[in-house]
Amino acid sequence: MLRYSLRRFLGAIPTLLILIALAFFMIRLAPGGPFDAERALLPEIEANLRAAYHLDEPLPMQFVRYLGNLARADFGPSFQYRDYTVTELIMTGFPVSLRLGGSAMVVALLFGISAGSLAALRQNTRTDYTVMSLSMTGISIPNFVMAPLLILLFAVYLGWLPAGGLGEGSWRNMVLPVISLALPQIAYVARLTRGSMIEVLRSPFIRTAKAQGLPMYKILIRHALKPALLPVVSYLGPATAAVITGSVVIEQIFGVPGLGRFFVQGALNRDYTLVMGVVVFYGVLIIVFNFLVDLAYAWLDPKVKYG
Amino acid sequence: MSLLDVSNLNVRFDTPDGEVHAVKDLSFRLERGETLGIVGESGSGKSQSVLSLMGLLADNGRADGVAQFDGHNLITLPEAQLRRMRGRRISMIFQDPMTSLNPYLTLADQMIQVVREHETVSKKAARSRCLEMLEAVSIPEADDRLDRYPHELSGGMRQRVMIAASLLLNPEILIADEPTTALDVTVQAQILELMRDLSERFETSTILITHDLAVVAGTCERVLVMQGGELKEQGEVRKIFYEPQHAYTQALLKAVPRLDEERVERLLDGGEVGGAAAGARAGNAAGADPLLAVEDLKVSFRVHTGGFWGHTRELKAVDGVDLELAPGETLGIVGESGCGKSTLARAILKLVPLAGGQVCLLGRGLSELDSAEMRKMRSDLQIIFQDPLASLNPRMTVGDIVSEPLWTHRPDLDKAAVRQRVVHVLKRVGLEGRELNRYPHEFSGGQCQRIGIARALVLEPKLIICDEPVSALDVSIQAQIVNLLMDLQAELGLSLIFIAHDLAVVRHISHRVLVMYLGTAVEIASREDLYERPSHPYTRALISSVPIPDPDKERSRARELLFGDLPSPMDPPSGCRFRTRCRHAEPRCAEEIPELRAVGPSRVACHRAEELLETV
Ligand code: SF4
């Protein structure tokens with residue numbers, strides 16, 4: 001267990017380094033720089049600025065310097081929001097994104113698992129076909145299409161829900177973004193659950209439980225759910241990554257001031273440090289989360305032992 | 001009045017290929033306190049008939065008829081009422097204790113919920129009931145075991161737990177569907193004994209479903225014989241065995257090789273009579289150079305033990321085995337599962353890396369060969385596996401499967417020559433030679449095994465290793481395959497290594513037999529010596545665990561049953577590895593490792609072999 005964690009930790013370092021390097025050089029390859037915004041600056045001022053931020057050094061030097069700062073958990077100052085450090089920006093944006101993404105995950109799991117189990121129990125009936133075709137739709141419509149459609153329907157025509165912004169942090173503002181973000185995940189989770197549930201329901205130990213006189217709903221909850229959810233648990237890692245990616249788009253569409261929005265703004269303004277900060281932060285987050293998922297898996301499946 | 005009275009029971013399945021009539025007009029009774037056997041091969045409808053009584057048929061199955069139990073017709077009883085009976089008044093145990101218990105729940109979780117489903121008792125009371133039951137089925141340290149997961153128990157232990165769970169509510173009827181088929185003979189003997197005890201103690205009436213007549217002989221009072229969904233014969237157990245009326249019952253009885261009778265040259269298999277004359281077997285040509293010599297062979301695996309620190313440890317699967325095999329000879333290898341017999345076979349073929357020792361084929365050490373020579377050697381060494389269908393690639397035609405080895409090993413042959421050889425070998429194994437373009441799933445288990453044998457034969461090997469080649473087959477098919485292997489050997493002078501857990505089949509086919517226990521050889525002897533004068537206590541226990549298809553003999557025989565389970569191969573007992581289960585163990589056995597040494601004509605690894613031999 002300890003040895004396993006250590007191995008996973010060491011294994012994550014090269015992954016993270018590659019990620020940082022890719023992001024670092026790619027954003028610098030993009031044309032333009034952080035200081036050619038609205039008004040052209042005087043050449044001397046710009047040169048001074050570049051020197052202050054070490055942008056005049058050769059790229060490899062900058063990279064090494066960046067890594068050095070990272071090692072001290074210092075993401076550096078933002079180029080765009082001059083008075084803030086990147087760390088401060090992440091700290092303001094992340095809670096908002098966490099609320100959005102976390103709710104989306106919870107919604108996805110709740111609805112996905114129930115719909116998938118229902119479809120599995122009623123395999124090859126109309127319920128099953130309905131669930132499956134709905135989820136096919138959910139998977140195939142990208143959320144940047146789904147979100148405007150939802151806004152159009154619920155905010156513009158029906159006027160039930162606000163079209164964007166945070167409001168005063170009211171739940172009503174969260175409904176549409178959460179749904180848009182969760183829909184494809186509900187669909188994936190439902191399909192996964194259905195598949196594994198069907199398989200589990202065919203296993204001999206389910207027959208044993210029936211022969212012992214347990215009613216179907218208890219068999220489902222006590223015997224079938226845990227093994228059927230194992231594939232869903234392994235999917236939690238990729239799902240988080242997908243939700244994070246999705247939130248970048250969704251926050252933009254709904255004007256939610258989360259981390260995704262900072263990321264897009266930062267990329268547009270060539271705010272190198274901000275973009276890098278978000279990338280590294282999310283990278284670490286996904287790696288940690290994947291590790292937790294594997295631990296949860298081992299905890300759920302008594303046969304899995306890490307050593 | 002009978003406890004259960006079944007009349008005109010029919011079971012049908014809707015399948016894409018039309019309706020399958022699995023059970024046809026079955027009528028029988030089960031009396032109070034009686035043990036009734038239902039015997040039949042696969043497809044006989046024996047399991048489906050009882051599953052229909054429990055309302056447990058698959059979704060596409062339908063049953064009609066009458067099954068009268070305590071004033072109810074089980075077949076038409078509404079599901080809600082039937083469910084209240086299941087587990088409480090009629091309970092069932094299944095074949096495979098590995099998969100019939102939920103691997104994700106502790107035993108306590110699965111057992112307590114059964115009690116609490118049918119009775120309103122506190123969790124604590126339910127738990128103590130479970131404990132009592134685990135003790136009744138002789139599970140040691142039951143309190144600790146109750147909180148474990150099924151995979152932490154051995155197969156025999158798991159079947160005991162299944163039995164305990166099925167008896168929790170003291171049901172009137174216990175249905176056991178092939179309860180010992182997945183177990184080793186030693187464990188089977190324990191479980192059958194336990195079931196006999198319990199049904200007396202709890203006055204449970206039992207229906208025992210099995211393909212194995214010998215199991216029925218010692219356990220049941222009355223027997224039904226089924227074939228193809230129909231009841232062929234029913235009667236008192238002695239009548240079925242001593243005066244079988246139906247031709248099918250007679251054939252079944254003759255198809256199984258028996259340990260209690262003189263060995264017959266040829267098993268009755270109802271099929272064509274092979275070409276080879278009986279008795280014309282090559283046998284162990286004295287003085288011939290051995291074809292295969294294995295010296296001090298060792299194989300070990302690294303195993304993760306989990307835990308906080310995550311250790312790995314060494315598991316010695318085969319720990320120093322020597323053997324020799326002459327041309328034209330058959331060596332049988334027996335032992336409980338986990339004794340290393342299959343690993344030994346794979347090591348000889350170099351399918352797993354050796355941790356030590358030597359394998360010499362025709363006087364040449366396999367480890368000295370370069371890869372080109374090894375490839376050539378491989379064509380002399382072939383293997384056939386237990387599960388015939390799974391070992392054939394489902395996407396390849398029979399022609400491709402059988403000719404594949406030729407393409408790699410015989411590039412000199414052209415297409416026509418390959419085809420000719422394939423057809424020839426298919427005919428040789430009793431197929432028609434016209435199956436080239438068909439796929440494995442179109443064939444029955446026995447035919448698939450023939451295809452597997454054809455693939456092994458096509459390179460004209462000198463040695464074929466048969467790893468449990470007949471364990472997955474019905475008895476009549478089993479007899480055909482055994483006869484085929486013996487014919488082929490007589491005709492082609494093949495050497496065979498025949499690995500099986502069925503001691504009677506091994507006696508039938510082998511010239512010499514090697515008995516393995518926890519990775520070591522405990523006895524090697526000729527067939528006659530081993531079965532008539534077994535010297536090692538383990539061999540004796542094995543042989544006396546094999547049930548005999550003869551009710552009188554089976555019930556009156558003195559047994560040397562083994563107690564307990566195989567110890568973990570991870571830390572085998574000191575000294576003699578068998579000592580934890582040996583009834584003859586003495587202090588010396590814990591200290592000195594017994595060498596494999598000559599005792600009379602046999603070679604035995606036991607300190608007390610000589611004394612014990614006198615007590616046979
Ligand atoms: S050496 Fe001792 S323990 Fe081992 S088999 Fe012989 S008598 Fe039994």
# chains A, B, ... in the order shown; residues from 1 in each chain; ligands from 1

$ residues_around --residues "Ile198 in chain A" --least-positions-apart "5" --cutoff "10 Å" --atoms "only C-alpha atoms" --output "PyMOL selection string"
chain A and resi 116-117+119-123+193+203+224+228

$ write_last_selection --atoms "C-alpha atoms" --output "PDB file, in the first residue's frame"
ATOM      1  CA  GLY A 116     -28.297   2.401 -16.339  1.00  0.00           C
ATOM      2  CA  SER A 117     -29.504   0.015 -13.642  1.00  0.00           C
ATOM      3  CA  ALA A 119     -32.171  -0.283 -18.329  1.00  0.00           C
ATOM      4  CA  ALA A 120     -30.264  -3.385 -17.265  1.00  0.00           C
ATOM      5  CA  LEU A 121     -33.160  -4.701 -15.191  1.00  0.00           C
ATOM      6  CA  ARG A 122     -35.550  -4.147 -18.062  1.00  0.00           C
ATOM      7  CA  GLN A 123     -33.133  -5.344 -20.680  1.00  0.00           C
ATOM      8  CA  THR A 193     -23.670   0.849 -15.614  1.00  0.00           C
ATOM      9  CA  SER A 203     -23.479 -14.284 -12.497  1.00  0.00           C
ATOM     10  CA  ALA A 224     -25.295  -6.403  -7.702  1.00  0.00           C
ATOM     11  CA  ALA A 228     -21.596  -3.346 -11.238  1.00  0.00           C
TER      12      ALA A 228
END

$ residues_near_ligand --ligand "ligand 1" --cutoff "7 Å" --atoms "only C-alpha atoms and all ligand atoms" --output "PyMOL selection string"
chain B and resi 536-538+576-579+582-586+589+594+605-609

$ residues_around --residues "Met105 in chain A" --least-positions-apart "2" --cutoff "9 Å" --atoms "only C-alpha atoms" --output "list in words"
Leu100, Gly101, Gly102, Ser103, Val107, Ala108, Leu109, Leu110, Val178, Leu181, Ala182, Gln185, Ile186, Leu236, Ala239, Thr240 and Val243 of chain A

$ residues_around --residues "range 151-157 of chain B" --least-positions-apart "4" --cutoff "9 Å" --atoms "only C-alpha atoms" --output "list in words"
Pro302 and Lys303 of chain A; Asp96, Pro97, Met98, Pro103, Ile139, Arg145, Val161, Met162, Thr180, Ala182, Leu183, Asp184, Val187, Gln188, Gln190, Ile191, Asp565 and Leu566 of chain B

$ write_last_selection --atoms "C-alpha atoms" --output "CSV table (one decimal), in the first residue's frame"
chain,number,residue,atom,x,y,z
A,302,PRO,CA,-11.6,-7.2,-2.0
A,303,LYS,CA,-9.6,-9.2,-4.5
B,96,ASP,CA,-19.2,-23.9,-8.4
B,97,PRO,CA,-18.6,-22.5,-5.0
B,98,MET,CA,-16.1,-20.0,-6.5
B,103,PRO,CA,-17.0,-12.2,-4.1
B,139,ILE,CA,-15.4,-24.7,9.6
B,145,ARG,CA,-14.0,-16.7,9.0
B,161,VAL,CA,-20.2,-22.2,3.5
B,162,MET,CA,-22.8,-22.7,0.7
B,180,THR,CA,-18.8,-31.6,-5.7
B,182,ALA,CA,-15.7,-28.5,-9.1
B,183,LEU,CA,-13.9,-30.0,-6.1
B,184,ASP,CA,-10.9,-32.3,-5.7
B,187,VAL,CA,-12.6,-32.6,-0.7
B,188,GLN,CA,-15.5,-34.3,-2.5
B,190,GLN,CA,-15.4,-34.7,2.8
B,191,ILE,CA,-18.3,-32.8,1.4
B,565,ASP,CA,-7.3,-28.4,3.2
B,566,LEU,CA,-4.2,-28.1,1.2

$ interface_residues --of "chain A" --to "chain B" --cutoff "9 Å" --atoms "only C-alpha atoms" --output "VMD selection string"
chain A and resid 1 to 4 203 to 215 222 to 224 226 to 227 300 to 307

$ select_by_dssp --residues "range 83-210 of chain B" --states "alpha helix (DSSP H)" --output "ChimeraX atom specification"
/B:83-85,97-100,107-118,123-136,142-145,155-167,185-201

$ write_last_selection --atoms "C-alpha atoms" --output "PDB file, in the first residue's frame"
ATOM      1  CA  ARG B  83     -39.916 -16.433  -3.066  1.00  0.00           C
ATOM      2  CA  ARG B  84     -40.981 -16.843   0.563  1.00  0.00           C
ATOM      3  CA  MET B  85     -40.354 -20.573   0.187  1.00  0.00           C
ATOM      4  CA  PRO B  97     -18.559 -22.512  -4.966  1.00  0.00           C
ATOM      5  CA  MET B  98     -16.096 -20.026  -6.495  1.00  0.00           C
ATOM      6  CA  THR B  99     -18.765 -18.092  -8.331  1.00  0.00           C
ATOM      7  CA  SER B 100     -21.879 -18.980  -6.371  1.00  0.00           C
ATOM      8  CA  LEU B 107     -19.660 -14.260   4.439  1.00  0.00           C
ATOM      9  CA  ALA B 108     -21.422 -12.559   7.328  1.00  0.00           C
ATOM     10  CA  ASP B 109     -23.081 -10.088   4.959  1.00  0.00           C
ATOM     11  CA  GLN B 110     -24.358 -12.808   2.689  1.00  0.00           C
ATOM     12  CA  MET B 111     -25.494 -15.211   5.383  1.00  0.00           C
ATOM     13  CA  ILE B 112     -27.087 -12.847   7.865  1.00  0.00           C
ATOM     14  CA  GLN B 113     -29.303 -11.303   5.247  1.00  0.00           C
ATOM     15  CA  VAL B 114     -30.785 -14.716   4.434  1.00  0.00           C
ATOM     16  CA  VAL B 115     -31.836 -15.254   8.019  1.00  0.00           C
ATOM     17  CA  ARG B 116     -33.208 -11.759   8.384  1.00  0.00           C
ATOM     18  CA  GLU B 117     -35.076 -11.937   5.110  1.00  0.00           C
ATOM     19  CA  HIS B 118     -37.249 -14.760   6.332  1.00  0.00           C
ATOM     20  CA  LYS B 123     -28.607  -8.895  13.684  1.00  0.00           C
ATOM     21  CA  LYS B 124     -26.843 -10.417  16.630  1.00  0.00           C
ATOM     22  CA  ALA B 125     -29.134 -13.398  16.847  1.00  0.00           C
ATOM     23  CA  ALA B 126     -28.803 -13.927  13.105  1.00  0.00           C
ATOM     24  CA  ARG B 127     -25.064 -13.825  13.377  1.00  0.00           C
ATOM     25  CA  SER B 128     -24.941 -16.378  16.112  1.00  0.00           C
ATOM     26  CA  ARG B 129     -27.197 -18.629  14.029  1.00  0.00           C
ATOM     27  CA  CYS B 130     -24.716 -18.316  11.158  1.00  0.00           C
ATOM     28  CA  LEU B 131     -21.874 -19.157  13.497  1.00  0.00           C
ATOM     29  CA  GLU B 132     -23.627 -22.259  14.743  1.00  0.00           C
ATOM     30  CA  MET B 133     -24.198 -23.361  11.188  1.00  0.00           C
ATOM     31  CA  LEU B 134     -20.584 -22.775  10.166  1.00  0.00           C
ATOM     32  CA  GLU B 135     -19.558 -24.897  13.090  1.00  0.00           C
ATOM     33  CA  ALA B 136     -22.027 -27.575  12.055  1.00  0.00           C
ATOM     34  CA  ALA B 142     -15.822 -19.785  12.299  1.00  0.00           C
ATOM     35  CA  ASP B 143     -16.074 -16.483  14.125  1.00  0.00           C
ATOM     36  CA  ASP B 144     -13.071 -15.117  12.285  1.00  0.00           C
ATOM     37  CA  ARG B 145     -13.996 -16.696   8.954  1.00  0.00           C
ATOM     38  CA  GLY B 155     -12.826 -24.266  -2.636  1.00  0.00           C
ATOM     39  CA  GLY B 156     -13.905 -26.950  -0.184  1.00  0.00           C
ATOM     40  CA  MET B 157     -14.390 -24.381   2.544  1.00  0.00           C
ATOM     41  CA  ARG B 158     -16.543 -22.300   0.234  1.00  0.00           C
ATOM     42  CA  GLN B 159     -18.762 -25.250  -0.559  1.00  0.00           C
ATOM     43  CA  ARG B 160     -19.145 -25.822   3.167  1.00  0.00           C
ATOM     44  CA  VAL B 161     -20.217 -22.213   3.536  1.00  0.00           C
ATOM     45  CA  MET B 162     -22.751 -22.670   0.722  1.00  0.00           C
ATOM     46  CA  ILE B 163     -24.152 -25.684   2.515  1.00  0.00           C
ATOM     47  CA  ALA B 164     -24.260 -23.800   5.804  1.00  0.00           C
ATOM     48  CA  ALA B 165     -26.074 -20.904   4.150  1.00  0.00           C
ATOM     49  CA  SER B 166     -28.601 -23.245   2.590  1.00  0.00           C
ATOM     50  CA  LEU B 167     -29.407 -24.930   5.888  1.00  0.00           C
ATOM     51  CA  VAL B 185     -11.676 -35.967  -4.841  1.00  0.00           C
ATOM     52  CA  THR B 186     -10.320 -35.571  -1.349  1.00  0.00           C
ATOM     53  CA  VAL B 187     -12.588 -32.609  -0.719  1.00  0.00           C
ATOM     54  CA  GLN B 188     -15.470 -34.260  -2.528  1.00  0.00           C
ATOM     55  CA  ALA B 189     -15.292 -37.156  -0.099  1.00  0.00           C
ATOM     56  CA  GLN B 190     -15.408 -34.742   2.846  1.00  0.00           C
ATOM     57  CA  ILE B 191     -18.344 -32.802   1.430  1.00  0.00           C
ATOM     58  CA  LEU B 192     -20.372 -35.916   0.615  1.00  0.00           C
ATOM     59  CA  GLU B 193     -19.788 -37.226   4.104  1.00  0.00           C
ATOM     60  CA  LEU B 194     -20.865 -33.899   5.529  1.00  0.00           C
ATOM     61  CA  MET B 195     -24.041 -33.856   3.453  1.00  0.00           C
ATOM     62  CA  ARG B 196     -24.927 -37.366   4.621  1.00  0.00           C
ATOM     63  CA  ASP B 197     -24.420 -36.321   8.240  1.00  0.00           C
ATOM     64  CA  LEU B 198     -26.373 -33.118   7.980  1.00  0.00           C
ATOM     65  CA  SER B 199     -29.361 -34.536   6.188  1.00  0.00           C
ATOM     66  CA  GLU B 200     -29.684 -37.037   9.002  1.00  0.00           C
ATOM     67  CA  ARG B 201     -29.142 -34.479  11.710  1.00  0.00           C
TER      68      ARG B 201
END

$ atom_distance --atom1 "CA of Glu88 in chain A" --atom2 "CA of Ala147 in chain A"
29.3 Å

$ atom_distance --atom1 "CA of Leu494 in chain B" --atom2 "CA of Glu442 in chain B"
29.3 Å

$ atom_distance --atom1 "CA of Leu252 in chain B" --atom2 "CA of Asp387 in chain B"
22.2 Å

$ closest_residue --among "A:Val284, A:Ile113, A:Val248, A:Ala296" --to "Phe9 in chain A" --atoms "only C-alpha atoms"
A:Val284

$ closest_residue --among "B:Arg29, B:Lys316, B:Arg555, B:Arg395" --to "Pro572 in chain B" --atoms "only C-alpha atoms"
B:Lys316
